$ cat target-v3.cif   # mmCIF, C-alpha atoms
data_structure
#
loop_
_atom_site.label_atom_id
_atom_site.label_comp_id
_atom_site.auth_asym_id
_atom_site.auth_seq_id
_atom_site.Cartn_x
_atom_site.Cartn_y
_atom_site.Cartn_z
CA MET M 1 -17.48 19.09 68.38
CA SER M 2 -20.67 18.20 66.56
CA ALA M 3 -20.62 20.90 63.96
CA ILE M 4 -19.42 18.57 61.22
CA GLY M 5 -22.92 17.17 61.23
CA ALA M 6 -24.01 20.31 59.53
CA LEU M 7 -22.11 19.78 56.30
CA SER M 8 -24.49 20.70 53.59
CA SER M 9 -24.02 18.31 50.75
CA CYS M 10 -22.31 15.20 49.62
CA PHE M 11 -19.24 15.67 47.51
CA CYS M 12 -19.26 14.16 44.12
CA LEU M 13 -16.32 14.76 41.84
CA HIS M 14 -18.06 13.39 38.78
CA PRO M 15 -20.26 16.10 37.21
CA GLY M 16 -22.01 13.76 34.81
CA VAL M 17 -21.90 13.59 31.07
CA TRP M 18 -22.31 17.13 29.85
CA LEU M 19 -20.08 18.79 27.32
CA LEU M 20 -19.28 22.46 27.38
CA LYS M 21 -18.28 24.64 24.49
CA PRO M 22 -14.52 25.30 24.25
CA GLY M 23 -14.75 28.70 25.91
CA MET M 24 -16.39 27.23 28.99
CA GLN M 25 -14.09 24.25 29.17
CA LYS M 26 -11.23 26.61 29.93
CA MET M 27 -12.98 27.81 33.06
CA SER M 28 -12.01 24.77 35.12
CA SER M 29 -10.42 21.36 34.96
CA PHE M 30 -13.31 20.06 37.06
CA GLY M 31 -14.45 16.73 35.71
CA LEU M 32 -11.74 16.49 33.05
CA HIS M 33 -10.11 13.07 33.20
CA THR M 34 -6.40 12.53 33.19
CA ALA M 35 -5.02 9.77 31.00
CA ALA M 36 -5.45 6.34 32.51
CA ARG M 37 -2.45 5.34 34.56
CA CYS M 38 -1.64 1.74 35.31
CA ALA M 39 -1.99 0.84 38.96
CA ALA M 40 1.28 0.20 40.76
CA LYS M 41 -0.09 -3.29 41.43
CA ASP M 42 -2.90 -5.37 40.00
CA TYR M 43 -4.22 -6.35 43.43
CA TYR M 44 -5.03 -4.41 46.60
CA GLU M 45 -6.44 -5.56 49.89
CA VAL M 46 -8.79 -2.56 49.86
CA LEU M 47 -9.82 -0.84 46.64
CA VAL M 48 -11.79 2.41 46.89
CA LEU M 49 -13.73 3.73 43.89
CA GLY M 50 -14.08 7.51 44.05
CA GLY M 51 -12.12 10.40 45.49
CA GLY M 52 -14.95 12.43 46.99
CA ALA M 53 -15.58 12.88 50.70
CA GLY M 54 -16.61 9.26 51.29
CA GLY M 55 -13.79 7.76 49.25
CA ILE M 56 -11.02 9.88 50.77
CA ALA M 57 -12.33 9.47 54.34
CA MET M 58 -12.57 5.69 53.96
CA SER M 59 -9.16 5.36 52.30
CA ALA M 60 -7.63 7.21 55.27
CA ARG M 61 -9.37 4.82 57.66
CA MET M 62 -8.37 1.76 55.66
CA LYS M 63 -4.76 2.93 55.54
CA ARG M 64 -4.67 2.72 59.33
CA LYS M 65 -6.16 -0.78 59.21
CA VAL M 66 -4.16 -2.53 56.51
CA GLY M 67 -1.29 -0.17 55.66
CA ALA M 68 -1.04 2.43 52.90
CA ALA M 69 0.61 0.06 50.42
CA ASN M 70 -2.45 -2.18 50.53
CA VAL M 71 -4.98 0.55 49.70
CA ALA M 72 -5.72 2.21 46.34
CA VAL M 73 -8.17 4.90 45.27
CA VAL M 74 -9.47 5.09 41.69
CA GLU M 75 -10.21 8.73 40.85
CA PRO M 76 -9.66 10.55 37.53
CA SER M 77 -10.23 14.13 38.71
CA LYS M 78 -7.28 16.42 39.41
CA THR M 79 -9.20 18.65 41.81
CA HIS M 80 -11.16 17.94 44.99
CA TYR M 81 -13.91 20.45 45.76
CA TYR M 82 -15.58 21.32 49.05
CA GLN M 83 -18.96 21.71 47.43
CA PRO M 84 -21.02 22.97 50.40
CA LEU M 85 -19.23 26.28 49.90
CA TRP M 86 -20.79 26.69 46.47
CA THR M 87 -24.08 27.95 47.93
CA LEU M 88 -22.10 30.88 49.34
CA VAL M 89 -20.03 31.25 46.16
CA GLY M 90 -23.23 31.56 44.13
CA GLY M 91 -24.44 34.19 46.59
CA GLY M 92 -21.20 36.17 46.42
CA ALA M 93 -20.17 35.44 50.02
CA LYS M 94 -17.20 33.17 49.20
CA GLN M 95 -14.69 32.67 46.39
CA LEU M 96 -14.67 29.52 44.24
CA ALA M 97 -10.92 29.11 44.77
CA ALA M 98 -11.52 28.61 48.49
CA SER M 99 -13.44 25.41 47.74
CA ALA M 100 -10.70 23.71 45.70
CA ARG M 101 -7.56 21.72 46.50
CA PRO M 102 -5.39 19.47 44.33
CA MET M 103 -6.58 15.87 44.57
CA GLY M 104 -3.07 14.77 45.47
CA SER M 105 -3.10 16.97 48.56
CA VAL M 106 -6.14 15.22 50.08
CA MET M 107 -5.11 11.69 49.10
CA PRO M 108 -3.80 9.86 52.22
CA LYS M 109 -0.01 9.68 52.10
CA GLY M 110 1.25 6.38 50.74
CA VAL M 111 -2.12 5.26 49.39
CA GLU M 112 -1.96 4.50 45.67
CA TRP M 113 -3.89 7.03 43.57
CA ILE M 114 -4.97 5.38 40.33
CA LYS M 115 -5.75 8.25 37.96
CA SER M 116 -8.26 6.45 35.83
CA GLN M 117 -11.96 5.92 35.23
CA VAL M 118 -13.80 2.79 36.33
CA THR M 119 -15.44 1.19 33.28
CA ALA M 120 -16.90 -2.01 34.75
CA LEU M 121 -17.31 -3.88 38.03
CA ASP M 122 -17.07 -7.67 38.30
CA PRO M 123 -17.79 -8.53 41.95
CA ASP M 124 -18.12 -12.24 41.15
CA LYS M 125 -14.40 -12.23 40.26
CA ASN M 126 -13.42 -9.58 42.83
CA CYS M 127 -12.10 -7.14 40.25
CA VAL M 128 -12.86 -3.93 38.40
CA TRP M 129 -11.91 -2.76 34.95
CA LEU M 130 -10.44 0.65 34.24
CA GLU M 131 -9.75 2.62 31.06
CA ASN M 132 -7.39 0.98 28.55
CA ASP M 133 -8.60 -2.47 29.69
CA ILE M 134 -6.67 -2.33 32.96
CA LYS M 135 -7.83 -4.92 35.47
CA VAL M 136 -7.43 -4.42 39.23
CA SER M 137 -8.40 -7.07 41.77
CA TYR M 138 -9.27 -6.62 45.42
CA LYS M 139 -10.10 -8.39 48.65
CA TYR M 140 -12.47 -5.65 49.80
CA LEU M 141 -14.18 -3.04 47.63
CA ILE M 142 -15.59 0.32 48.79
CA ILE M 143 -17.79 2.08 46.24
CA ALA M 144 -17.93 5.86 46.72
CA LEU M 145 -18.61 7.08 43.19
CA GLY M 146 -21.00 9.88 44.10
CA ILE M 147 -23.86 11.10 41.93
CA SER M 148 -23.86 12.33 38.33
CA LEU M 149 -25.31 15.63 37.14
CA HIS M 150 -27.37 15.59 33.96
CA TYR M 151 -27.86 19.12 32.66
CA GLU M 152 -28.26 17.61 29.20
CA LYS M 153 -31.63 16.15 30.24
CA ILE M 154 -33.02 19.68 30.20
CA LYS M 155 -33.53 20.80 26.61
CA GLY M 156 -31.29 23.77 25.83
CA LEU M 157 -28.62 22.86 28.37
CA PRO M 158 -25.74 22.86 28.99
CA GLU M 159 -25.18 25.17 26.00
CA GLY M 160 -27.60 27.65 27.57
CA PHE M 161 -24.97 28.51 30.17
CA ASN M 162 -23.11 30.42 27.46
CA HIS M 163 -25.83 33.05 27.79
CA PRO M 164 -26.14 35.53 30.67
CA LYS M 165 -28.84 35.50 33.39
CA ILE M 166 -28.46 31.77 34.12
CA GLY M 167 -26.30 29.85 36.58
CA SER M 168 -26.12 26.73 38.72
CA ASN M 169 -24.47 26.22 42.10
CA TYR M 170 -24.00 22.51 41.39
CA SER M 171 -20.99 22.82 39.08
CA ALA M 172 -17.63 24.55 39.33
CA GLN M 173 -18.13 25.77 35.76
CA THR M 174 -21.43 27.50 36.44
CA VAL M 175 -21.53 28.54 40.12
CA GLU M 176 -19.88 31.92 39.47
CA LYS M 177 -22.46 32.56 36.75
CA THR M 178 -25.12 32.45 39.48
CA TRP M 179 -23.44 35.34 41.27
CA LYS M 180 -23.04 37.26 38.00
CA ALA M 181 -26.73 36.80 37.19
CA LEU M 182 -27.67 38.02 40.65
CA GLN M 183 -25.45 41.09 40.38
CA ASP M 184 -26.83 41.91 36.93
CA PHE M 185 -30.48 41.57 38.00
CA LYS M 186 -32.62 44.57 37.01
CA GLU M 187 -36.28 43.61 37.18
CA GLY M 188 -38.51 40.62 36.48
CA ASN M 189 -38.67 36.98 37.55
CA ALA M 190 -35.89 35.33 39.56
CA ILE M 191 -36.59 31.61 39.24
CA PHE M 192 -35.04 28.78 41.27
CA THR M 193 -35.67 25.13 40.35
CA PHE M 194 -35.73 21.66 41.92
CA PRO M 195 -35.69 18.64 39.54
CA ASN M 196 -37.81 15.51 39.43
CA THR M 197 -34.93 13.22 40.49
CA PRO M 198 -32.91 12.43 43.61
CA VAL M 199 -30.45 15.24 44.34
CA LYS M 200 -27.51 15.85 46.62
CA CYS M 201 -28.29 18.30 49.38
CA ALA M 202 -32.00 18.77 48.82
CA GLY M 203 -31.92 22.09 50.66
CA ALA M 204 -29.38 23.76 48.36
CA PRO M 205 -31.83 24.66 45.54
CA GLN M 206 -33.73 26.97 47.89
CA LYS M 207 -30.76 28.29 49.88
CA ILE M 208 -29.65 30.40 46.93
CA MET M 209 -33.19 31.80 46.70
CA TYR M 210 -32.99 33.15 50.24
CA LEU M 211 -29.56 34.64 49.62
CA SER M 212 -30.78 36.24 46.40
CA ASP M 213 -33.78 37.72 48.19
CA GLU M 214 -31.54 39.32 50.80
CA TYR M 215 -29.07 40.60 48.19
CA LEU M 216 -31.85 42.22 46.17
CA ARG M 217 -33.20 43.86 49.33
CA LYS M 218 -29.78 45.25 50.20
CA THR M 219 -29.30 46.64 46.70
CA GLY M 220 -32.76 48.19 46.48
CA LYS M 221 -34.01 45.89 43.72
CA ARG M 222 -36.36 43.62 45.66
CA SER M 223 -39.48 45.61 44.80
CA LYS M 224 -38.73 44.95 41.12
CA ALA M 225 -38.27 41.20 41.61
CA ASN M 226 -40.76 38.35 41.57
CA ILE M 227 -38.92 35.48 43.28
CA MET M 228 -40.20 32.01 42.43
CA PHE M 229 -39.23 28.54 43.67
CA ASN M 230 -40.47 26.00 41.12
CA THR M 231 -40.10 22.56 42.66
CA SER M 232 -41.05 19.13 41.39
CA LEU M 233 -41.83 18.14 44.98
CA GLY M 234 -45.12 18.51 46.81
CA VAL M 235 -43.54 19.99 49.95
CA ILE M 236 -40.90 22.63 50.65
CA PHE M 237 -38.83 20.24 52.80
CA GLY M 238 -39.20 16.61 53.83
CA VAL M 239 -39.12 17.12 57.62
CA LYS M 240 -42.21 18.88 58.96
CA LYS M 241 -40.48 20.78 61.78
CA TYR M 242 -38.11 22.50 59.36
CA ALA M 243 -40.68 22.78 56.58
CA ASP M 244 -42.95 24.77 58.89
CA ALA M 245 -40.07 27.11 59.74
CA LEU M 246 -39.19 27.58 56.06
CA LEU M 247 -42.79 28.33 55.13
CA GLU M 248 -42.77 31.13 57.70
CA VAL M 249 -39.64 32.56 56.08
CA ILE M 250 -41.25 32.27 52.65
CA LYS M 251 -44.41 34.02 53.81
CA GLU M 252 -42.51 36.79 55.58
CA ARG M 253 -40.35 37.54 52.54
CA ASN M 254 -43.15 37.25 49.95
CA LEU M 255 -41.57 34.40 47.98
CA ALA M 256 -43.68 32.38 45.55
CA VAL M 257 -43.55 28.57 45.65
CA ASN M 258 -44.96 26.45 42.82
CA TYR M 259 -45.16 22.74 43.62
CA LYS M 260 -45.11 19.79 41.21
CA CYS M 261 -43.41 22.03 38.66
CA ASN M 262 -40.47 20.51 36.75
CA LEU M 263 -38.02 22.37 34.48
CA ILE M 264 -37.85 20.63 31.09
CA GLU M 265 -36.43 23.29 28.76
CA VAL M 266 -34.38 26.49 28.83
CA ARG M 267 -34.54 28.93 25.91
CA ALA M 268 -31.58 30.97 27.02
CA ASP M 269 -31.57 33.26 23.97
CA LYS M 270 -35.11 34.37 24.87
CA GLN M 271 -34.66 34.09 28.65
CA GLU M 272 -37.53 31.62 28.87
CA ALA M 273 -37.89 28.58 31.12
CA VAL M 274 -40.40 25.84 30.33
CA PHE M 275 -41.94 23.83 33.16
CA GLU M 276 -44.12 20.73 33.09
CA ASN M 277 -47.00 20.32 35.54
CA LEU M 278 -46.30 16.92 37.11
CA ASP M 279 -49.95 16.60 38.17
CA LYS M 280 -50.95 17.09 34.53
CA PRO M 281 -48.32 15.36 32.35
CA GLY M 282 -47.82 17.13 29.05
CA VAL M 283 -49.18 20.44 30.33
CA THR M 284 -46.43 23.08 30.28
CA GLU M 285 -46.01 26.69 31.30
CA VAL M 286 -43.41 29.17 30.02
CA HIS M 287 -41.89 31.73 32.38
CA GLN M 288 -39.79 34.69 31.32
CA TYR M 289 -36.80 35.14 33.62
CA GLU M 290 -34.36 37.87 34.52
CA MET M 291 -32.39 35.35 36.58
CA LEU M 292 -32.54 31.55 36.50
CA HIS M 293 -30.84 29.14 38.89
CA VAL M 294 -30.91 25.55 37.64
CA THR M 295 -30.63 22.49 39.83
CA PRO M 296 -29.89 19.70 37.33
CA PRO M 297 -31.48 16.26 37.19
CA MET M 298 -29.18 13.73 38.84
CA GLY M 299 -28.66 10.00 38.81
CA PRO M 300 -26.22 7.18 39.52
CA PRO M 301 -22.89 7.18 37.66
CA ALA M 302 -23.15 5.44 34.29
CA VAL M 303 -20.81 2.61 35.33
CA LEU M 304 -23.28 1.58 38.05
CA ILE M 305 -26.33 1.37 35.81
CA ASN M 306 -27.07 -2.32 35.12
CA SER M 307 -24.06 -3.26 37.25
CA PRO M 308 -24.12 -6.44 39.37
CA VAL M 309 -23.66 -4.29 42.50
CA SER M 310 -26.65 -2.03 41.81
CA ASP M 311 -30.39 -2.16 42.30
CA GLU M 312 -32.79 -1.71 39.40
CA SER M 313 -32.41 2.07 39.56
CA GLY M 314 -28.61 1.96 39.38
CA TRP M 315 -27.76 2.74 43.01
CA VAL M 316 -25.32 0.53 44.95
CA ASP M 317 -27.50 -1.96 46.82
CA VAL M 318 -26.37 -1.95 50.45
CA ASP M 319 -27.85 -2.82 53.81
CA LYS M 320 -29.20 0.43 55.23
CA GLU M 321 -27.80 -0.23 58.71
CA THR M 322 -24.34 -1.71 58.01
CA LEU M 323 -23.55 -0.36 54.49
CA GLN M 324 -22.44 -3.86 53.49
CA HIS M 325 -23.59 -5.00 50.06
CA LYS M 326 -26.70 -7.18 50.18
CA LYS M 327 -25.22 -9.85 47.89
CA TYR M 328 -21.44 -9.47 48.02
CA PRO M 329 -20.13 -9.47 51.62
CA ASN M 330 -16.74 -8.01 50.66
CA VAL M 331 -18.31 -5.04 48.85
CA PHE M 332 -19.44 -1.86 50.63
CA GLY M 333 -20.97 1.46 49.63
CA ILE M 334 -20.97 4.97 51.04
CA GLY M 335 -22.50 8.30 50.12
CA ASP M 336 -24.49 9.54 47.17
CA CYS M 337 -24.07 6.45 44.97
CA THR M 338 -25.91 4.15 47.40
CA ASN M 339 -29.61 3.37 47.75
CA LEU M 340 -29.65 4.32 51.44
CA PRO M 341 -33.09 5.91 52.03
CA THR M 342 -31.77 9.18 53.45
CA SER M 343 -30.83 12.58 52.06
CA LYS M 344 -27.58 12.66 50.12
CA THR M 345 -25.41 15.03 52.16
CA ALA M 346 -21.85 15.20 53.47
CA ALA M 347 -23.23 14.98 56.99
CA ALA M 348 -24.62 11.60 56.00
CA VAL M 349 -21.19 10.61 54.64
CA ALA M 350 -19.57 11.57 57.95
CA ALA M 351 -21.98 9.40 59.94
CA GLN M 352 -21.77 6.57 57.42
CA SER M 353 -17.96 6.54 57.50
CA GLY M 354 -17.94 5.78 61.22
CA VAL M 355 -20.41 2.93 60.82
CA LEU M 356 -18.69 1.53 57.74
CA ASP M 357 -15.32 1.59 59.49
CA LYS M 358 -16.71 -0.64 62.23
CA THR M 359 -18.55 -2.84 59.71
CA ILE M 360 -15.40 -3.53 57.70
CA SER M 361 -13.34 -4.14 60.85
CA LEU M 362 -15.68 -6.92 61.90
CA VAL M 363 -15.98 -8.38 58.40
CA MET M 364 -12.18 -8.56 58.22
CA LYS M 365 -12.31 -10.64 61.41
CA ASN M 366 -15.04 -12.89 59.98
CA LYS M 367 -17.57 -11.43 62.40
CA LEU M 368 -21.03 -10.05 61.76
CA PRO M 369 -21.44 -6.25 61.69
CA VAL M 370 -23.21 -4.84 64.73
CA LYS M 371 -22.90 -1.06 64.41
CA LYS M 372 -26.05 0.42 62.87
CA TYR M 373 -26.48 3.57 60.81
CA ASP M 374 -29.73 5.34 61.73
CA GLY M 375 -29.94 7.41 58.55
CA TYR M 376 -28.55 10.53 60.20
CA THR M 377 -28.18 13.40 57.79
CA SER M 378 -28.07 17.15 58.04
CA CYS M 379 -28.64 20.27 56.01
CA PRO M 380 -27.80 23.76 57.25
CA LEU M 381 -30.54 25.71 55.53
CA VAL M 382 -28.99 29.07 54.68
CA THR M 383 -31.78 31.65 54.87
CA GLY M 384 -29.60 34.75 54.61
CA TYR M 385 -26.05 36.07 54.71
CA ASN M 386 -25.90 35.52 58.46
CA LYS M 387 -28.74 33.09 59.18
CA VAL M 388 -29.07 29.31 59.10
CA ILE M 389 -31.73 26.82 60.18
CA LEU M 390 -29.81 23.67 61.12
CA ALA M 391 -31.83 20.65 60.01
CA GLU M 392 -30.72 17.24 61.33
CA PHE M 393 -32.85 14.12 60.98
CA ASP M 394 -32.93 10.33 60.55
CA TYR M 395 -34.34 7.66 58.23
CA ASN M 396 -37.84 8.37 59.49
CA ALA M 397 -37.57 12.10 58.73
CA GLN M 398 -37.63 12.78 62.46
CA PRO M 399 -35.42 15.51 63.93
CA LEU M 400 -32.18 14.10 65.35
CA GLU M 401 -30.64 17.28 66.67
CA THR M 402 -27.20 17.76 68.16
CA PHE M 403 -27.63 20.99 70.09
CA PRO M 404 -29.95 21.52 73.11
CA ILE M 405 -31.75 24.39 71.35
CA ASP M 406 -34.58 24.74 68.87
CA GLN M 407 -32.67 24.22 65.62
CA SER M 408 -35.66 25.24 63.51
CA LYS M 409 -34.92 28.87 64.45
CA GLU M 410 -32.73 31.03 62.22
CA ARG M 411 -29.41 31.58 64.00
CA THR M 412 -26.29 33.59 63.23
CA THR M 413 -24.12 31.12 65.18
CA MET M 414 -25.17 28.31 62.85
CA TYR M 415 -24.31 30.45 59.82
CA HIS M 416 -20.77 31.03 61.05
CA MET M 417 -20.48 27.33 61.79
CA LYS M 418 -21.35 26.53 58.17
CA ALA M 419 -19.38 29.33 56.52
CA ASP M 420 -16.23 29.39 58.66
CA MET M 421 -15.89 26.32 60.87
CA MET M 422 -17.13 23.56 58.60
CA PRO M 423 -14.50 23.99 55.85
CA LEU M 424 -11.74 23.60 58.44
CA LEU M 425 -13.35 20.48 59.90
CA TYR M 426 -13.93 19.05 56.45
CA TRP M 427 -10.33 19.36 55.24
CA ASN M 428 -8.66 18.52 58.55
CA VAL M 429 -10.96 16.01 60.23
CA LEU M 430 -13.47 14.31 57.92
CA LEU M 431 -11.11 13.71 54.99
CA LYS M 432 -8.46 12.35 57.34
CA GLY M 433 -10.89 9.73 58.60
CA TYR M 434 -11.23 11.03 62.14
CA TRP M 435 -14.89 11.96 62.18
CA GLY M 436 -17.81 9.53 62.27
CA GLY M 437 -20.71 11.88 62.74
CA PRO M 438 -22.14 13.79 65.70
CA ALA M 439 -23.76 10.93 67.64
CA PRO M 440 -21.13 10.66 70.44
CA VAL M 441 -21.09 14.42 70.97
CA ARG M 442 -24.88 14.54 70.94
CA LYS M 443 -25.01 12.00 73.74
CA LEU M 444 -22.46 13.92 75.81
CA MET M 445 -24.26 17.23 75.36
CA HIS M 446 -27.61 15.84 76.39
CA LEU M 447 -26.14 13.92 79.33
CA GLY M 448 -24.67 17.19 80.50
CA LEU M 449 -28.15 18.67 80.78
CA LYS M 450 -29.38 16.00 83.19
#
$ encode --input "target-v3.cif" --output "structure tokens"
Amino acid sequence: MSAIGALSSCFCLHPGVWLLKPGMQKMSSFGLHTAARCAAKDYYEVLVLGGGAGGIAMSARMKRKVGAANVAVVEPSKTHYYQPLWTLVGGGAKQLAASARPMGSVMPKGVEWIKSQVTALDPDKNCVWLENDIKVSYKYLIIALGISLHYEKIKGLPEGFNHPKIGSNYSAQTVEKTWKALQDFKEGNAIFTFPNTPVKCAGAPQKIMYLSDEYLRKTGKRSKANIMFNTSLGVIFGVKKYADALLEVIKERNLAVNYKCNLIEVRADKQEAVFENLDKPGVTEVHQYEMLHVTPPMGPPAVLINSPVSDESGWVDVDKETLQHKKYPNVFGIGDCTNLPTSKTAAAVAAQSGVLDKTISLVMKNKLPVKKYDGYTSCPLVTGYNKVILAEFDYNAQPLETFPIDQSKERTTMYHMKADMMPLLYWNVLLKGYWGGPAPVRKLMHLGLK
């Protein structure tokens, strides 16, 4: 069924360069790298960089094409997380443990797992370099390195997370702190932020605001709360149909939205957040908070910055319809690390994996790719503990909906799809390389109405 299209965010297993104090490091092994392990071979027909949703899905597909022994995945992390669940973890509706599985359990059987970090790419020589100066060559390269989080670009972070009242649903180390801050709320400002950078799942920063609003209503604290969404953007959402629906929710629940407002500093000891007015550079405003949810600045992984495979901003430079690299025909990209002009979500990864599978099949036969990716992406906008607005759209920010209903309406069925059905489809269908997005199902459903 088409529900997989509603996955809420891309899955990046590389949390960026941010160091936690020893006490916080013990909270999770997320992002901690194992020692570099030599690859079983120094050459693979298909080499995949990254063990997130895109990397695992494509390695499963490539295994069926060229055989497991000819495929390797470079991924240092021990744990694979289903990150869309973290919105619900931060809101107290799910447990963090439910989002985690050992990396080895999701790696396709027989595919070589190289437990190392990529340190350089040399596409002119068809090889990459890993830690300890290990060189691995390839015939075809799939880059699925995800996106990096940069809490350290906000003054006072990440060390500020050692204080109470502050959390972030974007990291395994800090998502449970969001729920703790919400539970401990007494009275004052509850502030939710959106950074001045590309982000994965652009809807997630406001989803936790809606959950927090409902929680505070249920616990009798809402009258003592001033809920604020401080976003660097000039709109609440990039697709008008869903933006209009969200603005109605915001008005109905008396939520405050401040546009062009970017978090630049957290003074956690004083419970103060400093924001810059992007329309007036250098002009700042300090807000006292009782609860603060931080969405960190994000960017391409460090290894891609100034890499031969990347554009000037550091994103893998691929054709937006075929996902084939614009310069190197045997190099491909998928997911958050690419410069595809669409929202960075897992729904996008699902759709991209189907297109990329067909692209690589034709390239392997010395034929030109014909399957085209239309930019399909999706974000189930959680507006409460049993309500979701299911946003689906394309490169042109036009709705590209799966179901024959008005998806801009809040629906309980869509919430259960996100909270209960999607994890099952993620682990058992997408990661095993059997799902290429909702397009075929969409066509069948609409044909059935004629």
$ closest_atom_pairs --input "target-v3.cif" --of "segment 231-274 of chain M" --to "segment 279-297 of chain M" --cutoff "7 Å" --atoms "only C-alpha atoms" --output "CSV"
residue,atom,partner,partner_atom,distance
M:Lys260,CA,M:Asp279,CA,6.5
M:Gln271,CA,M:Tyr289,CA,5.5
M:Glu272,CA,M:Gln288,CA,4.5
M:Ala273,CA,M:His287,CA,5.2
M:Val274,CA,M:Val286,CA,4.5
$ write_last_selection --input "target-v3.cif" --atoms "C-alpha atoms" --output "PDB file, keeping the file's coordinate frame"
ATOM      1  CA  LYS M 260     -45.110  19.790  41.210  1.00  0.00           C
ATOM      2  CA  GLN M 271     -34.660  34.090  28.650  1.00  0.00           C
ATOM      3  CA  GLU M 272     -37.530  31.620  28.870  1.00  0.00           C
ATOM      4  CA  ALA M 273     -37.890  28.580  31.120  1.00  0.00           C
ATOM      5  CA  VAL M 274     -40.400  25.840  30.330  1.00  0.00           C
TER       6      VAL M 274
END
$ resolve_selection --input "target-v3.cif" --expression "the PyMOL selection byres ((chain M and resi 381) around 8)" --output "MDAnalysis selection string"
chainID M and resid 203:204 207 379:380 382:383 388:391
$ resolve_selection --input "target-v3.cif" --expression "the PyMOL selection byres ((chain M and resi 135-139) around 8)" --output "ChimeraX atom specification"
/M:39,41-47,126-130,133-134,140-141,330
$ residues_around --input "target-v3.cif" --residues "segment 176-182 of chain M" --least-positions-apart "5" --cutoff "8 Å" --atoms "all atoms listed in the file" --output "VMD selection string"
chain M and resid 89 to 92 96 164 to 169 212 291 to 293
$ atom_distance --input "target-v3.cif" --atom1 "atom CA of Ala243 of chain M" --atom2 "atom CA of Leu278 of chain M"
21.1 Å
$ residues_around --input "target-v3.cif" --residues "Arg253 of chain M" --least-positions-apart "4" --cutoff "12 Å" --atoms "all atoms listed in the file" --output "list of chain:residue names"
M:Met209, M:Tyr210, M:Leu211, M:Ser212, M:Asp213, M:Glu214, M:Leu216, M:Arg217, M:Arg222, M:Ser223, M:Ala225, M:Asn226, M:Ile227, M:Met228, M:Leu246, M:Leu247, M:Glu248, M:Val249, M:Val257, M:Thr383, M:Gly384
$ residues_around --input "target-v3.cif" --residues "Lys186 of chain M" --least-positions-apart "2" --cutoff "8 Å" --atoms "only C-alpha atoms" --output "ChimeraX atom specification"
/M:184,188,221,224,290
$ residues_around --input "target-v3.cif" --residues "His325 of chain M" --least-positions-apart "3" --cutoff "10 Å" --atoms "all atoms listed in the file" --output "NGL selection string"
:M and (141-143 or 309-310 or 316-320 or 322 or 328-333 or 338)
$ resolve_selection --input "target-v3.cif" --expression "the PyMOL selection byres ((chain M and resi 430-432) around 6)" --output "PyMOL selection string"
chain M and resi 56-57+60+426-427+429+433-435
$ closest_residue --input "target-v3.cif" --among "M:His150, M:Lys78, M:Arg64, M:Lys200" --to "Gly110 of chain M" --atoms "all atoms listed in the file"
M:Arg64
$ closest_residue --input "target-v3.cif" --among "M:Val199, M:Ile114, M:Arg267, M:Gly51" --to "Leu149 of chain M" --atoms "all atoms listed in the file"
M:Val199
$ axis_aligned_box --input "target-v3.cif" --around "segment 295-308 of chain M" --padding-each-side "8 Å" --output "AutoDock Vina command-line options"
--center_x -26.1 --center_y 8.0 --center_z 37.1 --size_x 26.7 --size_y 44.9 --size_z 21.5
$ atom_distance --input "target-v3.cif" --atom1 "atom CA of Leu368 of chain M" --atom2 "atom CA of Gly354 of chain M"
16.1 Å
$ closest_residue --input "target-v3.cif" --among "M:Asn428, M:Asn70, M:Thr412, M:Thr197" --to "Lys153 of chain M" --atoms "only C-alpha atoms"
M:Thr197
